[in-house]
Amino acid sequence: MEKIMDFRSDTVTKPTEEMRRVIASAEVGDDIYEDDPSSNALSAYAAELTGKEAAIYVCSGTMGNLLAFLTAGKHGESLLAGKRSHVWCAEVGGFSALGGLCPYPLDDDEGIPKAEDIEPASRADGNIHHPDTTILALENTHNYTGGIATSPERFAPVAREGKRLGFHVHLDGARIFNAAVYYKADVKAFTKEVDSVQFCLSKGLGAPLGSMLCGTHDFIERAKKWRKRVGGGQRQVGIAAAAGLYALKNNIPRLADDHANALLLAELLGKGGVPVEKVPNMTNMVFFPMPEGSMSDEAFERKCLERGLLTHMIGPRRARLVTHLDVTREDCERAAEIITGVLRA
Ligand SMILES: *Cc1c(COP(=O)(O)O)cnc(C)c1O
């Protein structure tokens, strides 16, 4: 059986032998009692890396973002988020359903909203009709616009505008290390500008599960209570946290390989006539619209799979390919061949 190349997402990576050994020998304890040495070590390391006072391990990126919103906002308040942001488009409306927060949209077509759009979009004006705005949510890299990495120079003024207006500024940094590696910057160049940050261990970093939420001591203590309330308190979680710590210590620099592979893939697809979306500061994702008059989305996915390639239709007539730890340069060449072949047929 030939290997299936899985380009659906960077979430599909499987733990390496080495990571499995780390998991097998992880020291564990009851994390609700804060007795789990592996979880504690991961939290301390994540806080240090991001320059925050504290951090907690959470089940998923969605939970990390949700806990940030539940902790920073109250029912009946409002939150500003990009209209194409993951927190708005792909987290089942958690901030509204569970947090009672009303969202107002910001244009984030370029991956980050413009600083000058923030105040006009907000409802922090004392008007009796308006739900007070208390949170600004940013995303870097930005998934749905094509994996755009926003530079520290562009990121800082936007975050600072949120702070100037008195908002809690949260960074959905599911792939913030991709942005840091892209700009050869310390991740603190981004995280120092925000009040809280969530990042995923389970994506390009290659851990099987989990995310970190980082912020001040006080914020993280309150988030811990929300984590318990939504059922996210776990026991011998060090089994998973050890993999997360291993990922953070070993897999950050290699994200550059994923970016180079995505560039190659985009180039080869372009040469083969596939209308690849051109995005500035591209990281580990390649998007393209299905060419006009081509087969159905389902037929495309099926034909690719028949040839050993898993792809993801992120929306109707829009395909996404993501590079990661488990796809090689050769896989990218092969994937481009398969896709151009399928679309040409
Ligand atoms: C994947 C992702 C999340 C959520 O992470 P899960 O672990 O899948 O819940 C949040 N934000 C962005 C930008 C993501 O890509």
# chains A, B, ... in the order shown; residues from 1 in each chain; ligands from 1
>>> residues_near_ligand(ligand="ligand 1", cutoff="8 Å", atoms="only C-alpha atoms and all ligand atoms", output="JSON, numbers by chain")
{"A": [11, 59, 60, 61, 62, 63, 64, 65, 85, 86, 87, 90, 91, 139, 140, 141, 142, 143, 144, 172, 173, 174, 175, 199, 200, 202, 203, 209, 210, 211]}
>>> write_last_selection(atoms="C-alpha atoms", output="PDB file, in the first residue's frame")
ATOM      1  CA  THR A  11      -2.968  19.024  12.595  1.00  0.00           C
ATOM      2  CA  CYS A  59      -7.255  20.662  25.259  1.00  0.00           C
ATOM      3  CA  SER A  60      -7.323  22.650  22.043  1.00  0.00           C
ATOM      4  CA  GLY A  61      -6.784  26.012  20.423  1.00  0.00           C
ATOM      5  CA  THR A  62     -10.512  26.564  20.494  1.00  0.00           C
ATOM      6  CA  MET A  63     -10.541  26.042  24.252  1.00  0.00           C
ATOM      7  CA  GLY A  64      -7.560  28.378  24.726  1.00  0.00           C
ATOM      8  CA  ASN A  65      -9.290  31.173  22.804  1.00  0.00           C
ATOM      9  CA  SER A  85     -10.820  35.112  11.817  1.00  0.00           C
ATOM     10  CA  HIS A  86     -10.804  31.570  13.126  1.00  0.00           C
ATOM     11  CA  VAL A  87     -12.396  32.642  16.429  1.00  0.00           C
ATOM     12  CA  ALA A  90     -14.591  28.214  13.034  1.00  0.00           C
ATOM     13  CA  GLU A  91     -15.135  28.010  16.794  1.00  0.00           C
ATOM     14  CA  GLU A 139      -4.744  36.260  14.608  1.00  0.00           C
ATOM     15  CA  ASN A 140      -1.206  35.556  13.366  1.00  0.00           C
ATOM     16  CA  THR A 141      -0.534  33.722  11.131  1.00  0.00           C
ATOM     17  CA  HIS A 142      -3.947  34.205   9.582  1.00  0.00           C
ATOM     18  CA  ASN A 143      -5.495  30.980   8.424  1.00  0.00           C
ATOM     19  CA  TYR A 144      -8.402  31.821   6.088  1.00  0.00           C
ATOM     20  CA  ASP A 172      -5.067  33.714  18.514  1.00  0.00           C
ATOM     21  CA  GLY A 173      -1.532  32.581  17.842  1.00  0.00           C
ATOM     22  CA  ALA A 174      -2.416  29.046  16.799  1.00  0.00           C
ATOM     23  CA  ARG A 175       0.597  29.381  14.445  1.00  0.00           C
ATOM     24  CA  PHE A 199      -0.814  28.847  20.578  1.00  0.00           C
ATOM     25  CA  CYS A 200      -1.265  25.293  19.304  1.00  0.00           C
ATOM     26  CA  SER A 202      -0.846  20.194  17.799  1.00  0.00           C
ATOM     27  CA  LYS A 203      -0.204  21.920  14.471  1.00  0.00           C
ATOM     28  CA  LEU A 209      -2.830  17.435  20.995  1.00  0.00           C
ATOM     29  CA  GLY A 210      -3.039  20.513  23.155  1.00  0.00           C
ATOM     30  CA  SER A 211      -2.569  24.259  23.214  1.00  0.00           C
TER      31      SER A 211
END
>>> atom_distance(atom1="atom CA of A:Lys188", atom2="atom CA of A:Phe155")
11.9 Å
>>> residues_around(residues="stretch 129-135 of chain A", least_positions_apart="2", cutoff="7 Å", atoms="only C-alpha atoms", output="list in words")
Gly73, Gly76, Glu77, Ser78, Leu79, Leu80, Ser122, Arg123, Ala124, Asn127, Ala137, Phe167, His168 and Val169 of chain A
>>> residues_around(residues="stretch 320-335 of chain A", least_positions_apart="6", cutoff="6 Å", atoms="only C-alpha atoms", output="PDB file with N, CA, C and O atoms, in the first residue's frame")
ATOM      1  N   PHE A   7      -2.294  16.377   3.063  1.00  0.00           N
ATOM      2  CA  PHE A   7      -2.073  17.835   3.019  1.00  0.00           C
ATOM      3  C   PHE A   7      -3.279  18.603   3.543  1.00  0.00           C
ATOM      4  O   PHE A   7      -3.396  19.801   3.316  1.00  0.00           O
ATOM      5  N   ARG A   8      -4.184  17.913   4.246  1.00  0.00           N
ATOM      6  CA  ARG A   8      -5.402  18.602   4.689  1.00  0.00           C
ATOM      7  C   ARG A   8      -5.105  19.704   5.697  1.00  0.00           C
ATOM      8  O   ARG A   8      -5.721  20.752   5.691  1.00  0.00           O
ATOM      9  N   SER A   9      -4.175  19.412   6.604  1.00  0.00           N
ATOM     10  CA  SER A   9      -3.877  20.377   7.667  1.00  0.00           C
ATOM     11  C   SER A   9      -2.556  19.987   8.325  1.00  0.00           C
ATOM     12  O   SER A   9      -2.103  18.844   8.192  1.00  0.00           O
ATOM     13  N   ASP A  10      -1.971  20.927   9.068  1.00  0.00           N
ATOM     14  CA  ASP A  10      -0.802  20.578   9.876  1.00  0.00           C
ATOM     15  C   ASP A  10      -1.208  19.947  11.210  1.00  0.00           C
ATOM     16  O   ASP A  10      -0.372  19.665  12.062  1.00  0.00           O
ATOM     17  N   THR A  13      -0.255  15.610  11.813  1.00  0.00           N
ATOM     18  CA  THR A  13       1.039  14.997  12.134  1.00  0.00           C
ATOM     19  C   THR A  13       0.888  13.962  13.241  1.00  0.00           C
ATOM     20  O   THR A  13       0.078  14.127  14.153  1.00  0.00           O
ATOM     21  N   GLY A 204       1.831  22.731  13.401  1.00  0.00           N
ATOM     22  CA  GLY A 204       3.164  22.524  12.838  1.00  0.00           C
ATOM     23  C   GLY A 204       4.205  22.037  13.839  1.00  0.00           C
ATOM     24  O   GLY A 204       5.225  21.466  13.447  1.00  0.00           O
ATOM     25  N   ASP A 258       8.760  23.820   6.383  1.00  0.00           N
ATOM     26  CA  ASP A 258       7.360  23.782   5.923  1.00  0.00           C
ATOM     27  C   ASP A 258       7.067  24.974   5.009  1.00  0.00           C
ATOM     28  O   ASP A 258       6.355  24.842   4.009  1.00  0.00           O
ATOM     29  N   ASN A 261       8.693  24.368   1.695  1.00  0.00           N
ATOM     30  CA  ASN A 261       7.937  23.345   0.961  1.00  0.00           C
ATOM     31  C   ASN A 261       6.633  23.918   0.381  1.00  0.00           C
ATOM     32  O   ASN A 261       6.251  23.581  -0.743  1.00  0.00           O
ATOM     33  N   ALA A 262       5.970  24.780   1.149  1.00  0.00           N
ATOM     34  CA  ALA A 262       4.722  25.383   0.653  1.00  0.00           C
ATOM     35  C   ALA A 262       5.007  26.284  -0.555  1.00  0.00           C
ATOM     36  O   ALA A 262       4.250  26.295  -1.525  1.00  0.00           O
ATOM     37  N   LEU A 265       5.546  24.079  -3.506  1.00  0.00           N
ATOM     38  CA  LEU A 265       4.253  23.537  -3.935  1.00  0.00           C
ATOM     39  C   LEU A 265       3.470  24.592  -4.729  1.00  0.00           C
ATOM     40  O   LEU A 265       2.924  24.295  -5.809  1.00  0.00           O
ATOM     41  N   ASN A 284       2.837  28.248   5.668  1.00  0.00           N
ATOM     42  CA  ASN A 284       2.784  26.817   5.337  1.00  0.00           C
ATOM     43  C   ASN A 284       1.487  26.384   4.671  1.00  0.00           C
ATOM     44  O   ASN A 284       1.105  25.226   4.761  1.00  0.00           O
ATOM     45  N   MET A 285       0.795  27.333   4.036  1.00  0.00           N
ATOM     46  CA  MET A 285      -0.474  26.987   3.389  1.00  0.00           C
ATOM     47  C   MET A 285      -0.519  27.458   1.949  1.00  0.00           C
ATOM     48  O   MET A 285       0.046  28.509   1.629  1.00  0.00           O
ATOM     49  N   VAL A 286      -1.220  26.672   1.135  1.00  0.00           N
ATOM     50  CA  VAL A 286      -1.439  27.051  -0.262  1.00  0.00           C
ATOM     51  C   VAL A 286      -2.928  26.897  -0.543  1.00  0.00           C
ATOM     52  O   VAL A 286      -3.512  25.851  -0.268  1.00  0.00           O
ATOM     53  N   PHE A 287      -3.531  27.950  -1.060  1.00  0.00           N
ATOM     54  CA  PHE A 287      -4.960  27.927  -1.379  1.00  0.00           C
ATOM     55  C   PHE A 287      -5.131  28.132  -2.884  1.00  0.00           C
ATOM     56  O   PHE A 287      -4.366  28.871  -3.496  1.00  0.00           O
ATOM     57  N   HIS A 312      -8.060  19.334   1.280  1.00  0.00           N
ATOM     58  CA  HIS A 312      -9.174  19.833   2.086  1.00  0.00           C
ATOM     59  C   HIS A 312      -9.859  20.969   1.344  1.00  0.00           C
ATOM     60  O   HIS A 312      -9.203  21.931   0.939  1.00  0.00           O
TER      61      HIS A 312
END
>>> residues_around(residues="A:Asp36", least_positions_apart="5", cutoff="9 Å", atoms="only C-alpha atoms", output="list in words")
Glu27, Val28, Gly29, Asp30, Asp31, Ala41, Arg235, Gln236, Val237 and Gly238 of chain A
>>> write_last_selection(atoms="N, CA and C atoms", output="mmCIF file, in the first residue's frame")
data_model
loop_
_atom_site.group_PDB
_atom_site.id
_atom_site.type_symbol
_atom_site.label_atom_id
_atom_site.label_comp_id
_atom_site.auth_asym_id
_atom_site.auth_seq_id
_atom_site.Cartn_x
_atom_site.Cartn_y
_atom_site.Cartn_z
ATOM 1 N N GLU A 27 6.909 11.896 33.462
ATOM 2 C CA GLU A 27 6.495 11.906 34.872
ATOM 3 C C GLU A 27 5.126 12.564 34.938
ATOM 4 N N VAL A 28 4.207 11.974 35.685
ATOM 5 C CA VAL A 28 2.864 12.544 35.749
ATOM 6 C C VAL A 28 2.359 12.658 37.182
ATOM 7 N N GLY A 29 1.313 13.430 37.359
ATOM 8 C CA GLY A 29 0.633 13.587 38.643
ATOM 9 C C GLY A 29 -0.745 14.143 38.344
ATOM 10 N N ASP A 30 -1.481 14.525 39.379
ATOM 11 C CA ASP A 30 -2.830 15.039 39.144
ATOM 12 C C ASP A 30 -2.754 16.539 38.897
ATOM 13 N N ASP A 31 -3.042 16.923 37.664
ATOM 14 C CA ASP A 31 -2.863 18.326 37.262
ATOM 15 C C ASP A 31 -3.878 19.257 37.932
ATOM 16 N N ALA A 41 6.149 21.805 33.954
ATOM 17 C CA ALA A 41 7.352 22.177 33.186
ATOM 18 C C ALA A 41 6.957 22.820 31.861
ATOM 19 N N ARG A 235 -6.370 15.281 34.484
ATOM 20 C CA ARG A 235 -5.616 14.665 35.580
ATOM 21 C C ARG A 235 -4.161 14.417 35.177
ATOM 22 N N GLN A 236 -3.787 13.187 34.806
ATOM 23 C CA GLN A 236 -2.370 12.924 34.498
ATOM 24 C C GLN A 236 -2.055 13.413 33.076
ATOM 25 N N VAL A 237 -2.246 14.695 32.896
ATOM 26 C CA VAL A 237 -2.162 15.299 31.567
ATOM 27 C C VAL A 237 -0.712 15.395 31.082
ATOM 28 N N GLY A 238 0.223 15.110 31.994
ATOM 29 C CA GLY A 238 1.636 15.138 31.626
ATOM 30 C C GLY A 238 1.978 14.200 30.483
#
>>> residues_around(residues="A:Ala44", least_positions_apart="6", cutoff="9 Å", atoms="only C-alpha atoms", output="PyMOL selection string")
chain A and resi 53-56
>>> write_last_selection(atoms="N, CA, C and O atoms", output="mmCIF file, in the first residue's frame")
data_model
loop_
_atom_site.group_PDB
_atom_site.id
_atom_site.type_symbol
_atom_site.label_atom_id
_atom_site.label_comp_id
_atom_site.auth_asym_id
_atom_site.auth_seq_id
_atom_site.Cartn_x
_atom_site.Cartn_y
_atom_site.Cartn_z
ATOM 1 N N GLU A 53 3.764 35.910 32.451
ATOM 2 C CA GLU A 53 3.973 35.466 33.835
ATOM 3 C C GLU A 53 3.566 34.007 34.034
ATOM 4 O O GLU A 53 4.135 33.311 34.863
ATOM 5 N N ALA A 54 2.554 33.568 33.279
ATOM 6 C CA ALA A 54 2.008 32.233 33.536
ATOM 7 C C ALA A 54 1.385 31.661 32.271
ATOM 8 O O ALA A 54 1.130 32.382 31.302
ATOM 9 N N ALA A 55 1.165 30.346 32.319
ATOM 10 C CA ALA A 55 0.544 29.670 31.175
ATOM 11 C C ALA A 55 -0.204 28.440 31.679
ATOM 12 O O ALA A 55 0.140 27.889 32.731
ATOM 13 N N ILE A 56 -1.238 28.035 30.937
ATOM 14 C CA ILE A 56 -1.877 26.743 31.221
ATOM 15 C C ILE A 56 -2.054 25.948 29.937
ATOM 16 O O ILE A 56 -2.233 26.492 28.855
#
>>> select_by_dssp(residues="stretch 170-299 of chain A", states="strand (DSSP E)", output="JSON, numbers by chain")
{"A": [170, 171, 172, 196, 197, 198, 199, 200, 211, 212, 213, 214, 215, 285, 286, 287, 288, 289]}
>>> closest_residue(among="A:Glu161, A:Ile338, A:Lys271, A:Pro280", to="A:Leu305", atoms="only C-alpha atoms")
A:Ile338
>>> atom_distance(atom1="atom CA of A:Pro291", atom2="atom CA of A:Gly82")
27.5 Å
>>> closest_residue(among="A:Ile23, A:Leu255, A:Ala223, A:Ser294", to="A:Ser38", atoms="only C-alpha atoms")
A:Ile23
>>> residues_around(residues="A:Asp195", least_positions_apart="3", cutoff="12 Å", atoms="only C-alpha atoms", output="JSON, numbers by chain")
{"A": [50, 51, 52, 53, 54, 68, 69, 71, 72, 135, 136, 137, 138, 159, 160, 162, 163, 166, 167, 168, 169, 170, 171, 172, 188, 190, 191, 192, 198, 213, 214, 215, 216, 217, 218, 219, 220]}
>>> atom_distance(atom1="atom CA of A:Pro275", atom2="atom CA of A:Pro289")
6.7 Å
>>> select_by_dssp(residues="stretch 118-204 of chain A", states="helix (DSSP H, G or I)", output="number ranges by chain")
A: 118-121, 152-164, 176-182, 188-191
